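Participant: Input file: input_0.csv. Contents: CSV, C-alpha atoms and all ligand atoms.
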chain,number,residue,atom,x,y,z
A,1127,MET,CA,12.5,-8.9,40.6
A,1128,PRO,CA,13.1,-6.6,37.7
A,1129,SER,CA,15.3,-3.6,38.2
A,1130,ASP,CA,13.8,-0.1,38.2
A,1131,PHE,CA,14.9,0.7,34.7
A,1132,VAL,CA,13.1,-2.5,33.4
A,1133,ASN,CA,9.9,-1.5,35.1
A,1134,THR,CA,10.1,2.0,33.8
A,1135,LEU,CA,10.8,0.9,30.3
A,1136,ILE,CA,7.9,-1.5,30.3
A,1137,LEU,CA,5.5,1.1,31.6
A,1138,TRP,CA,6.7,3.5,28.9
A,1139,TYR,CA,6.2,0.9,26.2
A,1140,ASN,CA,2.7,0.1,27.4
A,1141,SER,CA,1.6,3.6,26.7
A,1142,ASN,CA,3.9,4.6,23.8
A,1143,CYS,CA,4.4,1.4,21.7
A,1144,ARG,CA,4.2,1.7,17.9
A,1145,SER,CA,1.1,0.3,16.3
A,1146,LEU,CA,2.5,-2.2,13.8
A,1147,PRO,CA,0.5,-4.8,11.8
A,1148,TRP,CA,2.4,-7.8,13.3
A,1149,ARG,CA,1.6,-6.6,16.8
A,1150,GLU,CA,-2.1,-7.2,16.3
A,1151,SER,CA,-1.6,-10.9,16.6
A,1152,ARG,CA,0.3,-13.4,18.7
A,1153,ASP,CA,0.3,-15.9,15.9
A,1154,PRO,CA,3.9,-17.3,15.8
A,1155,TYR,CA,3.8,-17.6,12.0
A,1156,ARG,CA,3.0,-13.9,11.6
A,1157,ILE,CA,5.6,-12.9,14.2
A,1158,TRP,CA,8.2,-15.1,12.5
A,1159,ILE,CA,7.5,-13.6,9.1
A,1160,SER,CA,7.7,-10.1,10.5
A,1161,GLU,CA,11.0,-10.8,12.3
A,1162,ILE,CA,12.6,-12.2,9.2
A,1163,MET,CA,11.4,-9.3,7.0
A,1164,LEU,CA,12.7,-6.8,9.6
A,1165,GLN,CA,16.3,-8.2,9.4
A,1166,GLN,CA,18.3,-5.5,7.8
A,1167,THR,CA,15.2,-3.7,6.6
A,1168,ARG,CA,13.3,-0.6,7.9
A,1169,VAL,CA,9.9,-1.0,9.6
A,1170,SER,CA,8.3,1.4,7.1
A,1171,ALA,CA,9.6,-0.6,4.2
A,1172,VAL,CA,8.4,-3.9,5.7
A,1173,CYS,CA,4.7,-3.0,6.4
A,1174,GLY,CA,3.4,-3.3,2.8
A,1175,TYR,CA,5.4,-6.4,2.1
A,1176,TYR,CA,4.2,-8.0,5.3
A,1177,GLU,CA,0.5,-7.6,4.4
A,1178,ARG,CA,1.0,-8.7,0.8
A,1179,PHE,CA,3.0,-11.8,1.8
A,1180,LEU,CA,0.4,-12.9,4.4
A,1181,ALA,CA,-2.5,-12.4,2.0
A,1182,ALA,CA,-0.8,-14.7,-0.5
A,1183,LEU,CA,0.7,-17.2,2.0
A,1184,PRO,CA,-1.4,-17.0,5.2
A,1185,ASP,CA,-0.1,-20.1,6.9
A,1186,MET,CA,2.8,-22.5,7.3
A,1187,GLU,CA,1.4,-25.0,4.8
A,1188,SER,CA,0.9,-22.4,2.0
A,1189,LEU,CA,4.5,-21.1,2.5
A,1190,ALA,CA,5.9,-24.6,2.4
A,1191,ALA,CA,4.1,-25.4,-0.9
A,1192,CYS,CA,4.7,-22.1,-2.7
A,1193,PRO,CA,6.6,-22.3,-6.0
A,1194,GLU,CA,10.0,-20.6,-5.7
A,1195,ASP,CA,9.4,-18.0,-8.4
A,1196,GLN,CA,6.2,-16.9,-6.7
A,1197,LEU,CA,7.9,-16.8,-3.3
A,1198,LEU,CA,10.7,-14.6,-4.7
A,1199,LYS,CA,8.2,-12.4,-6.5
A,1200,LEU,CA,6.5,-11.7,-3.1
A,1201,TRP,CA,9.9,-10.9,-1.7
A,1202,GLU,CA,11.0,-8.8,-4.7
A,1203,GLY,CA,12.4,-5.5,-3.6
A,1204,LEU,CA,13.1,-6.5,0.0
A,1205,GLY,CA,16.6,-7.8,-0.8
A,1206,TYR,CA,18.6,-10.5,1.0
A,1207,TYR,CA,16.6,-13.2,-0.8
A,1208,SER,CA,18.2,-16.0,1.1
A,1209,ARG,CA,15.8,-14.9,3.9
A,1210,ALA,CA,12.8,-15.9,1.7
A,1211,ARG,CA,14.4,-19.2,0.8
A,1212,ASN,CA,15.2,-20.0,4.4
A,1213,LEU,CA,11.7,-19.1,5.4
A,1214,GLN,CA,10.4,-21.8,3.0
A,1215,LYS,CA,13.0,-24.4,4.1
A,1216,ALA,CA,12.0,-23.8,7.7
A,1217,ALA,CA,8.3,-23.9,6.9
A,1218,ARG,CA,8.8,-27.3,5.2
A,1219,ILE,CA,10.6,-28.6,8.3
A,1220,VAL,CA,7.9,-27.3,10.6
A,1221,VAL,CA,5.2,-28.9,8.5
A,1222,GLU,CA,7.1,-32.2,8.3
A,1223,ASN,CA,8.5,-32.4,11.9
A,1224,TYR,CA,6.2,-30.3,14.0
A,1225,GLY,CA,2.8,-30.9,12.4
A,1226,GLY,CA,2.8,-27.3,11.0
A,1227,LYS,CA,3.1,-25.6,14.4
A,1228,MET,CA,6.2,-23.6,15.2
A,1229,PRO,CA,8.2,-25.0,18.2
A,1230,CYS,CA,7.9,-22.7,21.2
A,1231,ASP,CA,11.4,-23.0,22.7
A,1232,ALA,CA,14.2,-20.8,21.6
A,1233,SER,CA,16.5,-23.9,21.6
A,1234,GLU,CA,14.3,-25.6,19.0
A,1235,LEU,CA,13.6,-22.5,17.0
A,1236,ILE,CA,17.3,-21.8,16.5
A,1237,LYS,CA,17.7,-25.1,14.7
A,1238,LEU,CA,15.4,-23.9,11.8
A,1239,PRO,CA,17.1,-22.3,8.7
A,1240,GLY,CA,17.3,-18.5,8.9
A,1241,ILE,CA,16.7,-18.3,12.7
A,1242,GLY,CA,19.6,-17.1,14.8
A,1243,GLU,CA,19.8,-16.2,18.5
A,1244,TYR,CA,18.0,-12.9,18.1
A,1245,THR,CA,15.0,-14.2,16.1
A,1246,ALA,CA,14.7,-17.3,18.3
A,1247,GLY,CA,14.5,-15.0,21.4
A,1248,ALA,CA,12.0,-12.7,19.7
A,1249,ILE,CA,9.6,-15.4,18.6
A,1250,ALA,CA,9.9,-17.4,21.8
A,1251,SER,CA,9.3,-14.3,24.0
A,1252,ILE,CA,6.7,-12.4,21.9
A,1253,ALA,CA,4.6,-15.3,20.5
A,1254,PHE,CA,5.0,-17.8,23.3
A,1255,GLY,CA,5.7,-15.6,26.4
A,1256,LYS,CA,9.0,-17.4,27.1
A,1257,PRO,CA,11.6,-15.7,29.3
A,1258,GLU,CA,14.2,-15.0,26.5
A,1259,PRO,CA,16.1,-11.9,25.7
A,1260,ALA,CA,16.3,-10.9,22.0
A,1261,ILE,CA,19.5,-9.0,21.4
A,1262,ASP,CA,19.6,-6.9,18.3
A,1263,GLY,CA,21.2,-3.6,17.4
A,1264,ASN,CA,18.6,-1.6,19.4
A,1265,VAL,CA,19.3,-3.6,22.6
A,1266,ILE,CA,23.0,-3.4,22.1
A,1267,ARG,CA,22.8,0.4,21.6
A,1268,VAL,CA,20.4,1.2,24.5
A,1269,THR,CA,22.1,-1.1,27.0
A,1270,SER,CA,25.6,0.1,26.0
A,1271,ARG,CA,24.5,3.6,26.7
A,1272,LEU,CA,22.7,2.6,29.9
A,1273,ARG,CA,25.9,1.0,31.1
A,1274,ALA,CA,28.3,3.5,29.5
A,1275,TYR,CA,29.9,0.4,27.9
A,1276,THR,CA,32.8,1.3,25.6
A,1277,GLY,CA,34.1,-2.1,24.7
A,1278,GLU,CA,33.5,-4.1,21.5
A,1279,THR,CA,29.9,-5.2,20.8
A,1280,ARG,CA,30.2,-7.6,17.8
A,1281,SER,CA,31.4,-10.8,19.4
A,1282,MET,CA,29.3,-13.8,20.6
A,1283,LYS,CA,31.2,-13.4,23.9
A,1284,PHE,CA,29.8,-9.9,24.3
A,1285,LYS,CA,26.3,-11.0,23.4
A,1286,LYS,CA,26.4,-13.8,26.0
A,1287,GLU,CA,27.6,-11.4,28.7
A,1288,LEU,CA,24.8,-9.0,27.7
A,1289,ALA,CA,22.2,-11.8,27.9
A,1290,SER,CA,23.4,-12.6,31.4
A,1291,TRP,CA,23.2,-9.0,32.4
A,1292,LEU,CA,19.7,-8.7,31.0
A,1293,ARG,CA,18.6,-11.8,32.8
A,1294,ALA,CA,20.0,-10.4,36.1
A,1295,GLU,CA,18.1,-7.1,35.4
A,1296,ASN,CA,14.8,-8.9,34.7
A,1297,SER,CA,14.8,-12.1,36.8
A,1298,ARG,CA,11.1,-12.8,36.1
A,1299,GLU,CA,10.4,-16.0,34.3
A,1300,ASP,CA,7.3,-14.8,32.5
A,1301,ALA,CA,5.8,-13.0,29.5
A,1302,SER,CA,7.4,-9.7,30.6
A,1303,TRP,CA,10.3,-10.6,28.3
A,1304,GLY,CA,8.2,-10.2,25.1
A,1305,THR,CA,7.2,-6.7,26.3
A,1306,LEU,CA,10.7,-5.8,27.4
A,1307,ASN,CA,12.2,-7.0,24.1
A,1308,GLN,CA,9.7,-4.9,22.1
A,1309,ALA,CA,10.2,-1.9,24.5
A,1310,PHE,CA,14.0,-2.0,23.6
A,1311,MET,CA,13.1,-2.1,19.9
A,1312,ASP,CA,10.8,0.9,20.2
A,1313,LEU,CA,13.0,3.0,22.4
A,1314,GLY,CA,15.9,2.3,20.0
A,1315,SER,CA,13.8,3.4,17.0
A,1316,MET,CA,12.1,6.3,18.5
A,1317,VAL,CA,14.3,7.8,21.3
A,1318,CYS,CA,17.7,6.2,21.7
A,1319,LEU,CA,18.5,6.6,18.0
A,1320,ALA,CA,21.1,5.0,15.8
A,1321,ASN,CA,23.2,7.3,13.5
A,1322,LYS,CA,21.7,10.4,15.1
A,1323,SER,CA,22.0,12.0,18.5
A,1324,PRO,CA,19.7,10.2,21.0
A,1325,LEU,CA,16.7,12.2,22.2
A,1326,CYS,CA,17.8,12.0,25.9
A,1327,GLU,CA,15.4,14.7,27.0
A,1328,GLU,CA,12.5,12.5,26.0
A,1329,CYS,CA,13.9,9.3,27.4
A,1330,PRO,CA,12.0,7.5,30.1
A,1331,ILE,CA,15.1,5.8,31.5
A,1332,ARG,CA,17.4,8.8,31.4
A,1333,SER,CA,17.9,8.8,35.2
A,1334,TYR,CA,19.4,5.3,34.9
A,1335,CYS,CA,21.6,6.0,32.0
A,1336,GLU,CA,25.3,6.2,32.7
A,1337,ALA,CA,26.3,7.5,29.3
A,1338,PHE,CA,23.9,10.4,29.7
A,1339,LYS,CA,25.3,11.1,33.2
A,1340,LYS,CA,28.8,11.2,31.7
A,1341,GLY,CA,27.8,13.0,28.6
A,1342,ILE,CA,29.2,10.3,26.3
A,1343,GLN,CA,25.9,9.1,24.8
A,1344,ASN,CA,26.9,10.2,21.3
A,1345,SER,CA,30.1,8.1,21.3
A,1346,VAL,CA,28.6,4.9,22.8
A,1347,PRO,CA,28.5,2.2,21.6
A,1348,VAL,CA,32.0,2.5,20.0
A,1349,ARG,CA,31.7,1.7,16.2
A,1350,ALA,CA,33.9,-0.9,14.7
A,1351,GLU,CA,35.6,0.4,11.5
A,1352,LYS,CA,33.7,-0.8,8.4
A,1353,LYS,CA,35.4,-2.6,5.6
A,1354,GLY,CA,35.2,-0.7,2.3
A,1355,ARG,CA,32.9,-2.0,-0.4
A,1356,ARG,CA,34.2,-3.2,-3.7
A,1357,VAL,CA,33.0,-1.1,-6.7
A,1358,GLU,CA,32.0,-3.0,-9.9
A,1359,ASP,CA,31.1,-1.3,-13.1
A,1360,ARG,CA,28.3,-3.1,-15.1
A,1361,THR,CA,26.4,-2.4,-18.2
A,1362,VAL,CA,22.7,-3.3,-18.2
A,1363,VAL,CA,20.8,-3.6,-21.4
A,1364,LEU,CA,17.0,-3.7,-22.1
A,1365,TYR,CA,16.8,-5.7,-25.4
A,1366,THR,CA,13.3,-5.3,-26.8
A,1367,ASP,CA,11.5,-6.3,-29.9
A,1368,GLY,CA,9.1,-3.4,-29.4
A,1369,GLU,CA,6.7,-5.2,-27.1
A,1370,ARG,CA,8.7,-7.7,-25.0
A,1371,PHE,CA,11.9,-7.4,-23.1
A,1372,ALA,CA,14.7,-9.9,-22.6
A,1373,ILE,CA,15.4,-11.2,-19.0
A,1374,ARG,CA,17.3,-14.2,-17.8
A,1375,ARG,CA,17.6,-16.2,-14.6
A,1376,ARG,CA,20.7,-15.6,-12.5
A,1377,PRO,CA,22.8,-18.7,-11.5
A,1378,ASP,CA,21.6,-20.8,-8.6
A,1379,LYS,CA,24.5,-19.8,-6.4
A,1380,GLY,CA,26.0,-16.5,-5.4
A,1381,LEU,CA,24.7,-12.9,-5.3
A,1382,LEU,CA,20.9,-12.6,-6.2
A,1383,SER,CA,20.9,-16.3,-7.0
A,1384,GLY,CA,17.8,-17.7,-8.8
A,1385,LEU,CA,16.3,-14.2,-9.4
A,1386,TYR,CA,15.7,-12.7,-12.9
A,1387,GLU,CA,17.7,-9.9,-14.4
A,1388,PHE,CA,18.1,-7.8,-17.5
A,1389,PRO,CA,21.1,-8.9,-19.4
A,1390,ASN,CA,24.2,-7.2,-18.1
A,1391,TYR,CA,27.9,-7.2,-18.8
A,1392,LYS,CA,31.0,-6.5,-16.7
A,1393,GLY,CA,32.5,-3.1,-17.2
A,1394,LYS,CA,31.2,0.2,-18.5
A,1395,LEU,CA,30.6,-0.4,-22.2
A,1396,GLU,CA,30.7,2.4,-24.7
A,1397,PRO,CA,27.9,2.2,-27.3
A,1398,GLY,CA,30.1,0.5,-29.9
A,1399,GLU,CA,31.3,-2.1,-27.4
A,1400,MET,CA,27.7,-2.6,-26.3
A,1401,LEU,CA,26.6,-3.3,-29.9
A,1402,LEU,CA,29.4,-5.8,-30.3
A,1403,ALA,CA,28.3,-7.6,-27.1
A,1404,ALA,CA,24.8,-7.6,-28.4
A,1405,ARG,CA,25.9,-9.2,-31.7
A,1406,GLU,CA,27.8,-11.9,-29.8
A,1407,ASP,CA,24.6,-12.6,-28.0
A,1408,GLY,CA,22.8,-13.1,-31.3
A,1409,MET,CA,20.8,-9.8,-31.1
A,1410,TYR,CA,20.4,-7.8,-34.3
A,1411,ALA,CA,20.2,-4.1,-33.2
A,1412,VAL,CA,18.3,-1.6,-35.2
A,1413,ARG,CA,18.5,1.2,-32.6
A,1414,LEU,CA,20.4,1.8,-29.4
A,1415,ARG,CA,19.5,4.4,-26.8
A,1416,LYS,CA,21.4,5.4,-23.8
A,1417,LEU,CA,19.6,5.1,-20.4
A,1418,PRO,CA,20.7,7.0,-17.3
A,1419,ASP,CA,23.3,5.6,-15.0
A,1420,SER,CA,22.3,3.9,-11.8
A,1421,LYS,CA,23.9,2.7,-8.6
A,1422,HIS,CA,23.1,-0.1,-6.2
A,1423,ILE,CA,24.7,-0.7,-2.9
A,1424,PHE,CA,24.9,-4.2,-1.5
A,1425,SER,CA,26.5,-4.9,1.9
A,1426,HIS,CA,29.9,-5.6,0.4
A,1427,ILE,CA,29.7,-4.5,-3.3
A,1428,GLU,CA,28.6,-1.4,-5.1
A,1429,TRP,CA,27.3,-1.8,-8.7
A,1430,HIS,CA,27.8,1.4,-10.7
A,1431,MET,CA,25.6,0.7,-13.8
A,1432,THR,CA,25.3,2.3,-17.1
A,1433,GLY,CA,22.3,1.3,-19.2
A,1434,TYR,CA,21.1,1.0,-22.8
A,1435,GLU,CA,17.9,0.1,-24.5
A,1436,ILE,CA,18.4,-1.8,-27.8
A,1437,LEU,CA,15.6,-2.4,-30.2
A,1438,ILE,CA,16.2,-5.6,-32.1
A,1439,SER,CA,14.9,-6.8,-35.5
A,1440,ARG,CA,16.0,-10.4,-34.9
A,1441,ASN,CA,17.1,-12.7,-32.1
A,1442,ASP,CA,19.4,-15.5,-32.9
A,1443,SER,CA,20.6,-16.0,-29.3
A,1444,GLU,CA,21.3,-19.5,-28.0
A,1445,GLU,CA,18.0,-21.3,-27.1
A,1446,GLY,CA,17.0,-20.7,-23.5
A,1447,ARG,CA,19.6,-17.9,-22.9
A,1448,PHE,CA,16.9,-15.2,-22.6
A,1449,ILE,CA,13.2,-15.1,-21.9
A,1450,PHE,CA,11.3,-12.5,-23.9
A,1451,ALA,CA,8.3,-11.4,-21.9
A,1452,GLY,CA,5.9,-8.4,-21.9
A,1453,LYS,CA,6.1,-6.1,-19.0
A,1454,ASP,CA,2.8,-7.4,-17.5
A,1455,ARG,CA,4.1,-10.9,-17.5
A,1456,ILE,CA,7.4,-9.8,-16.0
A,1457,ASN,CA,5.5,-7.9,-13.3
A,1458,LYS,CA,3.4,-10.9,-12.4
A,1459,GLU,CA,5.8,-13.9,-12.8
A,1460,TYR,CA,9.5,-13.0,-12.6
A,1461,PRO,CA,11.2,-11.6,-9.4
A,1462,ILE,CA,13.5,-8.8,-10.4
A,1463,PRO,CA,15.9,-7.7,-7.6
A,1464,SER,CA,15.9,-4.0,-6.7
A,1465,ALA,CA,19.4,-3.6,-8.0
A,1466,PHE,CA,17.7,-3.3,-11.4
A,1467,ALA,CA,14.9,-1.1,-10.1
A,1468,ALA,CA,15.9,1.9,-12.1
A,1469,TYR,CA,15.9,-0.1,-15.4
A,1470,ALA,CA,12.7,-2.0,-14.5
A,1471,ASN,CA,11.0,1.2,-13.7
A,1472,ALA,CA,12.1,2.6,-17.0
A,1473,ILE,CA,9.8,0.1,-18.7
A,1474,GLY,CA,6.9,0.4,-16.2
A,1475,ILE,CA,7.8,-2.5,-13.9
A,1476,LYS,CA,7.6,-1.5,-10.3
A,1477,VAL,CA,10.6,-2.8,-8.4
A,1478,GLY,CA,11.8,-1.0,-5.3
A,1479,LYS,CA,11.3,2.7,-4.9
A,1480,ASN,CA,13.3,4.2,-7.7
A,1481,GLU,CA,10.9,5.8,-10.1
A,1482,ARG,CA,13.1,8.4,-11.6
A,1483,TRP,CA,12.4,7.7,-15.3
A,1484,SER,CA,9.4,7.0,-17.3
A,1485,TYR,CA,9.4,4.7,-20.3
A,1486,GLU,CA,9.3,6.1,-23.8
A,1487,ASN,CA,8.3,4.1,-26.8
A,1488,PRO,CA,11.4,2.4,-28.2
A,1489,ASP,CA,10.5,3.7,-31.6
A,1490,SER,CA,11.1,7.3,-30.5
A,1491,GLY,CA,14.0,9.1,-28.9
A,1492,ASP,CA,17.7,9.5,-29.8
A,1493,SER,CA,19.5,6.8,-31.6
A,1494,VAL,CA,23.2,6.4,-31.8
A,1495,LEU,CA,23.1,3.8,-34.6
A,1501,LIG,S1,19.3,8.8,28.2
A,1501,LIG,FE1,19.8,9.0,26.1
A,1501,LIG,S2,21.5,7.7,25.7
A,1501,LIG,FE2,20.6,7.1,27.6
A,1501,LIG,S3,19.2,5.4,27.0
A,1501,LIG,FE3,18.0,7.3,27.1
A,1501,LIG,S4,18.1,8.1,24.9
A,1501,LIG,FE4,19.7,6.5,25.2
Starting from the file, lay out its structure as structure tokens.

Facilitator:
Amino acid sequence: MPSDFVNTLILWYNSNCRSLPWRESRDPYRIWISEIMLQQTRVSAVCGYYERFLAALPDMESLAACPEDQLLKLWEGLGYYSRARNLQKAARIVVENYGGKMPCDASELIKLPGIGEYTAGAIASIAFGKPEPAIDGNVIRVTSRLRAYTGETRSMKFKKELASWLRAENSREDASWGTLNQAFMDLGSMVCLANKSPLCEECPIRSYCEAFKKGIQNSVPVRAEKKGRRVEDRTVVLYTDGERFAIRRRPDKGLLSGLYEFPNYKGKLEPGEMLLAAREDGMYAVRLRKLPDSKHIFSHIEWHMTGYEILISRNDSEEGRFIFAGKDRINKEYPIPSAFAAYANAIGIKVGKNERWSYENPDSGDSVL
């Protein structure tokens, strides 16, 4: 039998759950796509991407067959692009080995690229009604508070112990797990908040919560100290012939691998240094204009960027080093990561949410040449 807090939480969910596009379907493909998009990304940011992705790639076969640039373009702005690549690798395996149908057991799902314990539990329970917990940050936070647990919460050992505790609290071997897992997600997003005080007065399971009883809900779970990020200065340049802009493909391995970027250089280059770098790249500058600085934060690195726009009269760069393309073509064909959003937006390419500047004709504006 489920414990009282499980029953109360499920009842609360049934009348308070968020209306989200992926909840309108039990299609495992759709649930899988939503779960991968939601990793490290806010629900509000995912909704638009989710609809667009499924309109373009509505099923396993279309995802498996999608050209990589198109796939990354659909993912552009969501970040963590290995998620998109793993989706496609997994889709190809599902098409080849499972006749295009997702396996229903968590033990099979977890063998697919990009699917870990949490995602396997979420797909198995929500799409297939399997009795599997799905332990994410929300579950860890809510249950740590429920139990007034002050130990570490990052290790696999802790997660295994938590899974056993949850199975003891909900001993039903039925589809209640899909509801319970989503109830934790919603309670964690709407009431038992991360990075803010939990809204205990509105909480349906307050009477079962040990942290609330002890008044320690703001300090549980105990946070592990975060490692600092490395700061890197970079200089980004928009080379333009007046109509088209230079972009290039990033290497196949490492940060933002395989995506397209505006040329950029290590360090914070002064205008004179920038012109020298441009010349070494075979670009004949006729005008240089400073663009605003920008910053992008990855999980482990911060890029502090300074930017220039350089109008060129001639391009003698090594063949294949740059692609010159108009902004419509860049918009349609080339995935630009949101790290470059500020500079992409400066020329009217919509990447991410930063729309601080508008583009001015390169033939106008201040010149430092
Ligand atoms: S009572 Fe407060 S701390 Fe406890 S589960 Fe509810 S919102 Fe979280």

Participant: Using only C-alpha atoms and all ligand atoms, find each residue with an atom at most 6 Å away from ligand LIG 1501 (chain A) and format the answer as number ranges by chain.

Facilitator: A: 1268, 1271-1272, 1317-1318, 1324-1326, 1329, 1331-1332, 1335, 1337-1338, 1343

Participant: Between A:Tyr1410, A:Tyr1224, A:Tyr1386, A:Phe1450, which is the closest to Asp1195 of chain A once you count all atoms listed in the file?

Facilitator: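 For Asp1195 of chain A, the nearest of the candidates is A:Tyr1386.
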
Participant: Please provide as an MDAnalysis selection string all residues within 9 Å of segment 1143-1148 of chain A, with the sequence filter that same-chain residues fewer than 4 positions apart are discarded (counting only C-alpha atoms).

Facilitator: chainID A and resid 1138:1139 1152:1153 1156:1157 1159:1160 1169 1173 1176:1177 1308:1309 1312:1313

Participant: Rank nothing, just name the residue among A:Val1221, A:Ala1470, A:Leu1200, A:Ala1246 nearest to Asp1454 of chain A, using only C-alpha atoms.

Facilitator: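 So, comparing all the options, the nearest one is A:Ala1470.
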
Participant: What does the distance between atom CA of Pro1128 of chain A and atom CA of Glu1295 of chain A come to in Å, to one decimal place?

Facilitator: 5.5 Å

Participant: At a cut-off of 6 Å, using all atoms listed in the file, what residues contact Tyr1434 of chain A? Leave out same-chain residues fewer than 6 positions from it and give the result as a PyMOL selection string.

Facilitator: chain A and resi 1363+1415-1417

Participant: Report, in Å to a single decimal, how far apart atom CA of Glu1258 of chain A and atom CA of Ala1232 of chain A are.

Facilitator: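 Taking atom CA of Ala1232 of chain A and atom CA of Glu1258 of chain A, their separation equals 7.6 Å.
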
Participant: To one decimal place in Å, what is the distance between atom CA of Leu1402 of chain A and atom CA of Lys1421 of chain A?

Facilitator: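 Calculated distance between atom CA of Leu1402 of chain A and atom CA of Lys1421 of chain A is 23.9 Å.
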
Participant: Please provide the set of residues having any atom within 9 Å of Glu1194 of chain A, restricted to only C-alpha atoms, with same-chain residues fewer than 5 positions apart removed, written as a list in words.

Facilitator: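 Here the answer would be Lys1199, Arg1211, Gln1214 and Gly1384 of chain A.
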
Participant: Could the residues in this selection be saved with C-alpha atoms as an mmCIF file, keeping the file's coordinate frame?

Facilitator:
data_model
loop_
_atom_site.group_PDB
_atom_site.id
_atom_site.type_symbol
_atom_site.label_atom_id
_atom_site.label_comp_id
_atom_site.auth_asym_id
_atom_site.auth_seq_id
_atom_site.Cartn_x
_atom_site.Cartn_y
_atom_site.Cartn_z
ATOM 1 C CA LYS A 1199 8.200 -12.400 -6.500
ATOM 2 C CA ARG A 1211 14.400 -19.200 0.800
ATOM 3 C CA GLN A 1214 10.400 -21.800 3.000
ATOM 4 C CA GLY A 1384 17.800 -17.700 -8.800
#

Participant: I'd like to know which of A:Glu1299, A:Phe1284, A:Arg1267, A:Ala1181 is closest to Leu1319 of chain A, using all atoms listed in the file.

Facilitator: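 Once distances to Leu1319 of chain A are computed over all atoms listed in the file, the minimum belongs to A:Arg1267.
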
Participant: Taking (28.5, -2.5, 21.9) in the file's coordinates, which residues come within 6 Å, counting all atoms listed in the file, written as a PyMOL selection string?

Facilitator: chain A and resi 1266+1270+1278-1279+1347

Participant: Print the selection's residues with C-alpha atoms to a file, as a PDB file, keeping the file's coordinate frame.

Facilitator:
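The resulting file, out12.pdb, is shown below:
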ATOM      1  CA  ILE A1266      23.000  -3.400  22.100  1.00  0.00           C
ATOM      2  CA  SER A1270      25.600   0.100  26.000  1.00  0.00           C
ATOM      3  CA  GLU A1278      33.500  -4.100  21.500  1.00  0.00           C
ATOM      4  CA  THR A1279      29.900  -5.200  20.800  1.00  0.00           C
ATOM      5  CA  PRO A1347      28.500   2.200  21.600  1.00  0.00           C
TER       6      PRO A1347
END

Participant: For a quick check of understanding, using only C-alpha atoms, which of A:Glu1222, A:Glu1459, A:Glu1327, A:Asp1300 has the smallest distance to Ser1251 of chain A?

Facilitator: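 Using only C-alpha atoms, Ser1251 of chain A sits closest to A:Asp1300.
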
Participant: Calculated over all atoms listed in the file, which of the candidates A:Glu1161, A:Arg1280, A:Asn1321, A:Gly1263 has the smallest distance to Ile1249 of chain A?

Facilitator: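 Using all atoms listed in the file, the shortest distance to Ile1249 of chain A belongs to A:Glu1161.
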
Participant: Excluding same-chain residues fewer than 4 positions from Lys1215 of chain A, what lies within 10 Å of it counting only C-alpha atoms, as a PDB file with C-alpha atoms, in the coordinates of the input?

Facilitator:
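Once written, part.pdb looks like this:
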ATOM      1  CA  LEU A1189       4.500 -21.100   2.500  1.00  0.00           C
ATOM      2  CA  ALA A1190       5.900 -24.600   2.400  1.00  0.00           C
ATOM      3  CA  ARG A1209      15.800 -14.900   3.900  1.00  0.00           C
ATOM      4  CA  ALA A1210      12.800 -15.900   1.700  1.00  0.00           C
ATOM      5  CA  ARG A1211      14.400 -19.200   0.800  1.00  0.00           C
ATOM      6  CA  ILE A1219      10.600 -28.600   8.300  1.00  0.00           C
ATOM      7  CA  VAL A1220       7.900 -27.300  10.600  1.00  0.00           C
ATOM      8  CA  LEU A1238      15.400 -23.900  11.800  1.00  0.00           C
ATOM      9  CA  PRO A1239      17.100 -22.300   8.700  1.00  0.00           C
ATOM     10  CA  GLY A1240      17.300 -18.500   8.900  1.00  0.00           C
TER      11      GLY A1240
END

Participant: Here's a test: counting only C-alpha atoms, identify every protein, DNA and RNA residue with an atom at most 6 Å from (9.4, -10.1, 22.0) in the file's coordinate frame, and state them as number ranges by chain.

Facilitator: A: 1248, 1251-1252, 1304-1305, 1307-1308
